[in-house]
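Everything below concerns the one structure shown next.
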Amino acid sequence: MDIGIISRRYARALLAFASERANETKVYEQTESFLARYIQIEDIRHTVENPMVSRTEKIKLLQNATAGKETCEELTRFFGLLLENKREKFIPFIFHSYLFLYRKAKRIRQGLLVTAAPLPEETQEQLKKLILHIYRGRTVEFETKIDPELIGGGILEMGYWRVDASVAGQLRRVKRQFIEKNRRIV
C-alpha cells in the first residue's frame, strides 16, 4: 500500500468535491489550520487512530481541531469518508497533498521569511509586492519566523530561490573567504 498514491487520490477527490461546491478556499483555510493542530497535538492523532473510540466521537474531535471554527460541510463529509474507509493514519499526508494541489491550481507561491526581529506589516507588504513583480500572475504566501541568531537582516526563501541578507550569513561568508586565502598561502 503506497501512502503517496492513496493520499494524492483522496486529496484530488477532496479538491474536486470542494471545487464543485465552490468552497475550495474555505476548505483550504480549514485544512491548513487543522493540519497545524493535528501535528502539534499528539493526543488528537492517538485518539483518532484508536479503534475503541466511536466514529461520531472521532468526527467531533476532528471538527474541533479545525481551529475552533465551524467546520465546512465538505470537510465534515470528508472526515466521515476517511473514517469509514479506515484511512485515519493517512490524514496528515492527505491534507498535505490537498494543500499542494490547491496551491498548484491557484498558482500560489509559498515562501519563508526568517528575520532577526519582527518586521513591520508594511515592510512585509512591500516585500510581497517585490516578489509579485518577479512571479507575475501568482499569489504569494509568507510564513514568517524570528531567529535572533541571525543578529540582523534576514533570509528569504521562495521555492528554489534563497536570499541570505543576514549578518550571520555575511560573517560566515567572510570566514570562508579567510579560510580559502589562508589555504593558498600555506
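Letters for chains follow the order of the C-alpha cells (A, B, ...), residue numbers begin at 1 for each chain, and ligand numbers begin at 1 in the order shown.
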
**Request:** Write out as a list in words which residues come within 9 Å of region 2-8 of chain A when counting only C-alpha atoms, dropping same-chain ones fewer than 3 positions away.
**Result:**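 Using only C-alpha atoms, the neighbours found are Ala11, Arg12, Ala13, Phe90, Ile91, Pro92, Phe93, Ile94, Phe95, His96, Ser97, Tyr98 and Leu101 of chain A.
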
**Request:** Determine, counting only C-alpha atoms, which protein, DNA and RNA residues have an atom within 9 Å of an atom of region 51-64 of chain A; residues of the same chain fewer than 2 positions away are not included. Present the result as a PyMOL selection string.
**Result:** chain A and resi 34+38+44+47-49+66-72+75-76+79-80+83-84

Please produce a file of the residues just selected, as a PDB file, in the first residue's frame, where the atoms kept are N, CA and C atoms.
```
ATOM      1  N   PHE A  34      -6.235  23.020  10.547  1.00  0.00           N
ATOM      2  CA  PHE A  34      -6.397  21.691  11.125  1.00  0.00           C
ATOM      3  C   PHE A  34      -5.058  20.957  11.152  1.00  0.00           C
ATOM      4  N   TYR A  38      -3.206  19.296  14.248  1.00  0.00           N
ATOM      5  CA  TYR A  38      -3.089  17.832  14.224  1.00  0.00           C
ATOM      6  C   TYR A  38      -1.644  17.402  14.446  1.00  0.00           C
ATOM      7  N   ILE A  44      -4.563  14.129  19.654  1.00  0.00           N
ATOM      8  CA  ILE A  44      -5.564  14.053  18.582  1.00  0.00           C
ATOM      9  C   ILE A  44      -5.267  12.843  17.704  1.00  0.00           C
ATOM     10  N   THR A  47      -6.011   9.527  19.548  1.00  0.00           N
ATOM     11  CA  THR A  47      -7.445   9.303  19.723  1.00  0.00           C
ATOM     12  C   THR A  47      -8.107   8.921  18.412  1.00  0.00           C
ATOM     13  N   VAL A  48      -7.760   9.609  17.330  1.00  0.00           N
ATOM     14  CA  VAL A  48      -8.365   9.322  16.026  1.00  0.00           C
ATOM     15  C   VAL A  48      -7.972   7.935  15.536  1.00  0.00           C
ATOM     16  N   GLU A  49      -6.776   7.503  15.818  1.00  0.00           N
ATOM     17  CA  GLU A  49      -6.317   6.189  15.373  1.00  0.00           C
ATOM     18  C   GLU A  49      -6.729   5.063  16.318  1.00  0.00           C
ATOM     19  N   THR A  66     -10.269  21.891  13.842  1.00  0.00           N
ATOM     20  CA  THR A  66     -10.157  22.885  12.766  1.00  0.00           C
ATOM     21  C   THR A  66     -10.194  24.292  13.348  1.00  0.00           C
ATOM     22  N   ALA A  67      -9.320  24.551  14.276  1.00  0.00           N
ATOM     23  CA  ALA A  67      -9.112  25.877  14.884  1.00  0.00           C
ATOM     24  C   ALA A  67     -10.363  26.436  15.544  1.00  0.00           C
ATOM     25  N   GLY A  68     -11.236  25.577  16.022  1.00  0.00           N
ATOM     26  CA  GLY A  68     -12.411  26.021  16.746  1.00  0.00           C
ATOM     27  C   GLY A  68     -13.459  26.700  15.883  1.00  0.00           C
ATOM     28  N   LYS A  69     -13.270  26.681  14.588  1.00  0.00           N
ATOM     29  CA  LYS A  69     -14.226  27.310  13.681  1.00  0.00           C
ATOM     30  C   LYS A  69     -15.322  26.311  13.335  1.00  0.00           C
ATOM     31  N   GLU A  70     -16.375  26.823  12.734  1.00  0.00           N
ATOM     32  CA  GLU A  70     -17.432  25.962  12.215  1.00  0.00           C
ATOM     33  C   GLU A  70     -16.852  25.231  11.009  1.00  0.00           C
ATOM     34  N   THR A  71     -16.742  23.920  11.123  1.00  0.00           N
ATOM     35  CA  THR A  71     -16.173  23.129  10.041  1.00  0.00           C
ATOM     36  C   THR A  71     -17.149  23.101   8.866  1.00  0.00           C
ATOM     37  N   CYS A  72     -16.627  23.332   7.681  1.00  0.00           N
ATOM     38  CA  CYS A  72     -17.486  23.340   6.498  1.00  0.00           C
ATOM     39  C   CYS A  72     -17.993  21.926   6.217  1.00  0.00           C
ATOM     40  N   LEU A  75     -15.628  19.334   4.460  1.00  0.00           N
ATOM     41  CA  LEU A  75     -14.607  18.732   5.314  1.00  0.00           C
ATOM     42  C   LEU A  75     -15.224  17.732   6.282  1.00  0.00           C
ATOM     43  N   THR A  76     -16.389  18.033   6.805  1.00  0.00           N
ATOM     44  CA  THR A  76     -17.078  17.107   7.703  1.00  0.00           C
ATOM     45  C   THR A  76     -17.403  15.798   6.982  1.00  0.00           C
ATOM     46  N   PHE A  79     -14.180  13.860   6.454  1.00  0.00           N
ATOM     47  CA  PHE A  79     -13.763  13.148   7.668  1.00  0.00           C
ATOM     48  C   PHE A  79     -14.530  11.832   7.789  1.00  0.00           C
ATOM     49  N   GLY A  80     -15.840  11.881   7.538  1.00  0.00           N
ATOM     50  CA  GLY A  80     -16.657  10.669   7.591  1.00  0.00           C
ATOM     51  C   GLY A  80     -16.178   9.624   6.598  1.00  0.00           C
ATOM     52  N   LEU A  83     -12.887   8.028   7.849  1.00  0.00           N
ATOM     53  CA  LEU A  83     -13.122   7.106   8.957  1.00  0.00           C
ATOM     54  C   LEU A  83     -13.834   5.839   8.484  1.00  0.00           C
ATOM     55  N   GLU A  84     -14.740   5.994   7.546  1.00  0.00           N
ATOM     56  CA  GLU A  84     -15.476   4.845   7.005  1.00  0.00           C
ATOM     57  C   GLU A  84     -14.524   3.884   6.282  1.00  0.00           C
TER      58      GLU A  84
END
```

**Prompt:** CA of Leu127 (chain A) to CA of Glu149 (chain A): how many Å, to one decimal?
**Reply:** 21.9 Å

**Request:** Going by DSSP on the backbone, which bits of region 79-164 of chain A are strand (DSSP E or B)? Write them as a list in words, please.
**Result:** Ile108, Arg109, Gln110, Gly111, Leu112, Leu113, Val114, Thr115, Thr139, Val140, Glu141, Phe142, Glu143, Thr144, Lys145, Ile146, Gly154, Ile155, Leu156, Glu157, Met158, Trp161, Arg162, Val163 and Asp164 of chain A

Can those selected residues be exported to a file as a tab-separated table (two decimals), in the first residue's frame so that it contains C-alpha atoms?
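Done, and the output landed in again07.tsv:
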```tsv
chain	number	residue	atom	x	y	z
A	108	ILE	CA	0.21	30.26	-5.09
A	109	ARG	CA	3.92	30.56	-4.35
A	110	GLN	CA	4.90	29.85	-0.79
A	111	GLY	CA	7.84	31.49	0.92
A	112	LEU	CA	9.66	31.58	4.21
A	113	LEU	CA	10.94	34.81	5.69
A	114	VAL	CA	13.31	34.47	8.65
A	115	THR	CA	14.35	37.70	10.37
A	139	THR	CA	-0.20	34.84	-5.34
A	140	VAL	CA	2.45	34.85	-2.62
A	141	GLU	CA	2.10	33.43	0.90
A	142	PHE	CA	4.77	34.02	3.52
A	143	GLU	CA	5.49	32.11	6.66
A	144	THR	CA	7.49	34.34	8.97
A	145	LYS	CA	9.87	33.20	11.66
A	146	ILE	CA	12.08	35.08	14.06
A	154	GLY	CA	17.02	38.18	7.22
A	155	ILE	CA	16.69	35.19	4.91
A	156	LEU	CA	14.04	34.86	2.21
A	157	GLU	CA	13.27	31.51	0.61
A	158	MET	CA	10.87	31.15	-2.34
A	161	TRP	CA	15.41	30.65	-4.61
A	162	ARG	CA	17.19	31.77	-1.43
A	163	VAL	CA	18.49	35.21	-0.48
A	164	ASP	CA	20.58	35.39	2.69
```

Run DSSP on the backbone and give me the residues of region 40-139 of chain A it puts in helix (DSSP H, G or I), as a PDB file with C-alpha atoms, in the first residue's frame.
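Written file, states-v7.pdb:
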```
ATOM      1  CA  GLN A  40       1.200  19.838  17.250  1.00  0.00           C
ATOM      2  CA  GLU A  42      -0.242  14.244  19.692  1.00  0.00           C
ATOM      3  CA  ASP A  43      -3.385  13.275  21.609  1.00  0.00           C
ATOM      4  CA  ILE A  44      -5.564  14.053  18.582  1.00  0.00           C
ATOM      5  CA  ARG A  45      -3.620  11.578  16.452  1.00  0.00           C
ATOM      6  CA  HIS A  46      -3.724   8.865  19.105  1.00  0.00           C
ATOM      7  CA  THR A  47      -7.445   9.303  19.723  1.00  0.00           C
ATOM      8  CA  VAL A  48      -8.365   9.322  16.026  1.00  0.00           C
ATOM      9  CA  GLU A  49      -6.317   6.189  15.373  1.00  0.00           C
ATOM     10  CA  ARG A  55     -16.843   7.181  14.740  1.00  0.00           C
ATOM     11  CA  THR A  56     -19.056  10.073  15.882  1.00  0.00           C
ATOM     12  CA  GLU A  57     -16.613  10.999  18.649  1.00  0.00           C
ATOM     13  CA  LYS A  58     -13.753  10.961  16.154  1.00  0.00           C
ATOM     14  CA  ILE A  59     -15.659  13.240  13.775  1.00  0.00           C
ATOM     15  CA  LYS A  60     -16.421  15.662  16.637  1.00  0.00           C
ATOM     16  CA  LEU A  61     -12.754  15.658  17.635  1.00  0.00           C
ATOM     17  CA  LEU A  62     -11.636  16.286  14.050  1.00  0.00           C
ATOM     18  CA  GLN A  63     -14.161  19.111  13.678  1.00  0.00           C
ATOM     19  CA  ASN A  64     -12.953  20.720  16.912  1.00  0.00           C
ATOM     20  CA  GLU A  73     -19.760  20.573   5.272  1.00  0.00           C
ATOM     21  CA  GLU A  74     -17.251  19.356   2.678  1.00  0.00           C
ATOM     22  CA  LEU A  75     -14.607  18.732   5.314  1.00  0.00           C
ATOM     23  CA  THR A  76     -17.078  17.107   7.703  1.00  0.00           C
ATOM     24  CA  ARG A  77     -18.222  14.710   4.996  1.00  0.00           C
ATOM     25  CA  PHE A  78     -14.610  14.040   4.054  1.00  0.00           C
ATOM     26  CA  PHE A  79     -13.763  13.148   7.668  1.00  0.00           C
ATOM     27  CA  GLY A  80     -16.657  10.669   7.591  1.00  0.00           C
ATOM     28  CA  LEU A  81     -15.330   9.140   4.360  1.00  0.00           C
ATOM     29  CA  LEU A  82     -11.825   8.755   5.792  1.00  0.00           C
ATOM     30  CA  LEU A  83     -13.122   7.106   8.957  1.00  0.00           C
ATOM     31  CA  GLU A  84     -15.476   4.845   7.005  1.00  0.00           C
ATOM     32  CA  GLU A  88      -7.169   7.741   9.760  1.00  0.00           C
ATOM     33  CA  LYS A  89      -3.408   7.206   9.601  1.00  0.00           C
ATOM     34  CA  PHE A  90      -3.246   8.981   6.251  1.00  0.00           C
ATOM     35  CA  ILE A  91      -4.915  12.236   7.349  1.00  0.00           C
ATOM     36  CA  PRO A  92      -1.736  14.373   7.531  1.00  0.00           C
ATOM     37  CA  PHE A  93      -0.484  13.029   4.191  1.00  0.00           C
ATOM     38  CA  ILE A  94      -3.845  13.601   2.521  1.00  0.00           C
ATOM     39  CA  PHE A  95      -4.086  17.167   3.827  1.00  0.00           C
ATOM     40  CA  HIS A  96      -0.512  17.985   2.815  1.00  0.00           C
ATOM     41  CA  SER A  97      -1.353  16.698  -0.661  1.00  0.00           C
ATOM     42  CA  TYR A  98      -4.528  18.802  -0.697  1.00  0.00           C
ATOM     43  CA  LEU A  99      -2.589  21.939   0.224  1.00  0.00           C
ATOM     44  CA  PHE A 100      -0.062  21.198  -2.520  1.00  0.00           C
ATOM     45  CA  LEU A 101      -2.750  20.592  -5.149  1.00  0.00           C
ATOM     46  CA  TYR A 102      -4.716  23.695  -4.138  1.00  0.00           C
ATOM     47  CA  ARG A 103      -1.619  25.909  -4.305  1.00  0.00           C
ATOM     48  CA  LYS A 104      -0.728  24.476  -7.684  1.00  0.00           C
ATOM     49  CA  ALA A 105      -4.254  25.022  -9.035  1.00  0.00           C
ATOM     50  CA  LYS A 106      -4.467  28.594  -7.681  1.00  0.00           C
ATOM     51  CA  GLU A 121       3.472  44.766   8.340  1.00  0.00           C
ATOM     52  CA  GLU A 122       4.152  47.467   5.733  1.00  0.00           C
ATOM     53  CA  THR A 123       7.657  46.102   5.097  1.00  0.00           C
ATOM     54  CA  GLN A 124       6.244  42.608   4.594  1.00  0.00           C
ATOM     55  CA  GLU A 125       3.699  44.006   2.122  1.00  0.00           C
ATOM     56  CA  GLN A 126       6.455  45.808   0.183  1.00  0.00           C
ATOM     57  CA  LEU A 127       8.416  42.571   0.048  1.00  0.00           C
ATOM     58  CA  LYS A 128       5.329  40.721  -1.242  1.00  0.00           C
ATOM     59  CA  LYS A 129       4.881  43.367  -3.962  1.00  0.00           C
ATOM     60  CA  LEU A 130       8.505  42.916  -4.994  1.00  0.00           C
ATOM     61  CA  ILE A 131       8.095  39.143  -5.163  1.00  0.00           C
ATOM     62  CA  LEU A 132       4.808  39.500  -7.087  1.00  0.00           C
ATOM     63  CA  HIS A 133       6.642  41.602  -9.649  1.00  0.00           C
ATOM     64  CA  ILE A 134       9.030  38.683 -10.209  1.00  0.00           C
TER      65      ILE A 134
END
```

**Item:** Atomic separation - CA of Tyr28 (chain A) relative to CA of Leu15 (chain A), Å
**Value:**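 Distance between the two atoms: 8.9 Å.
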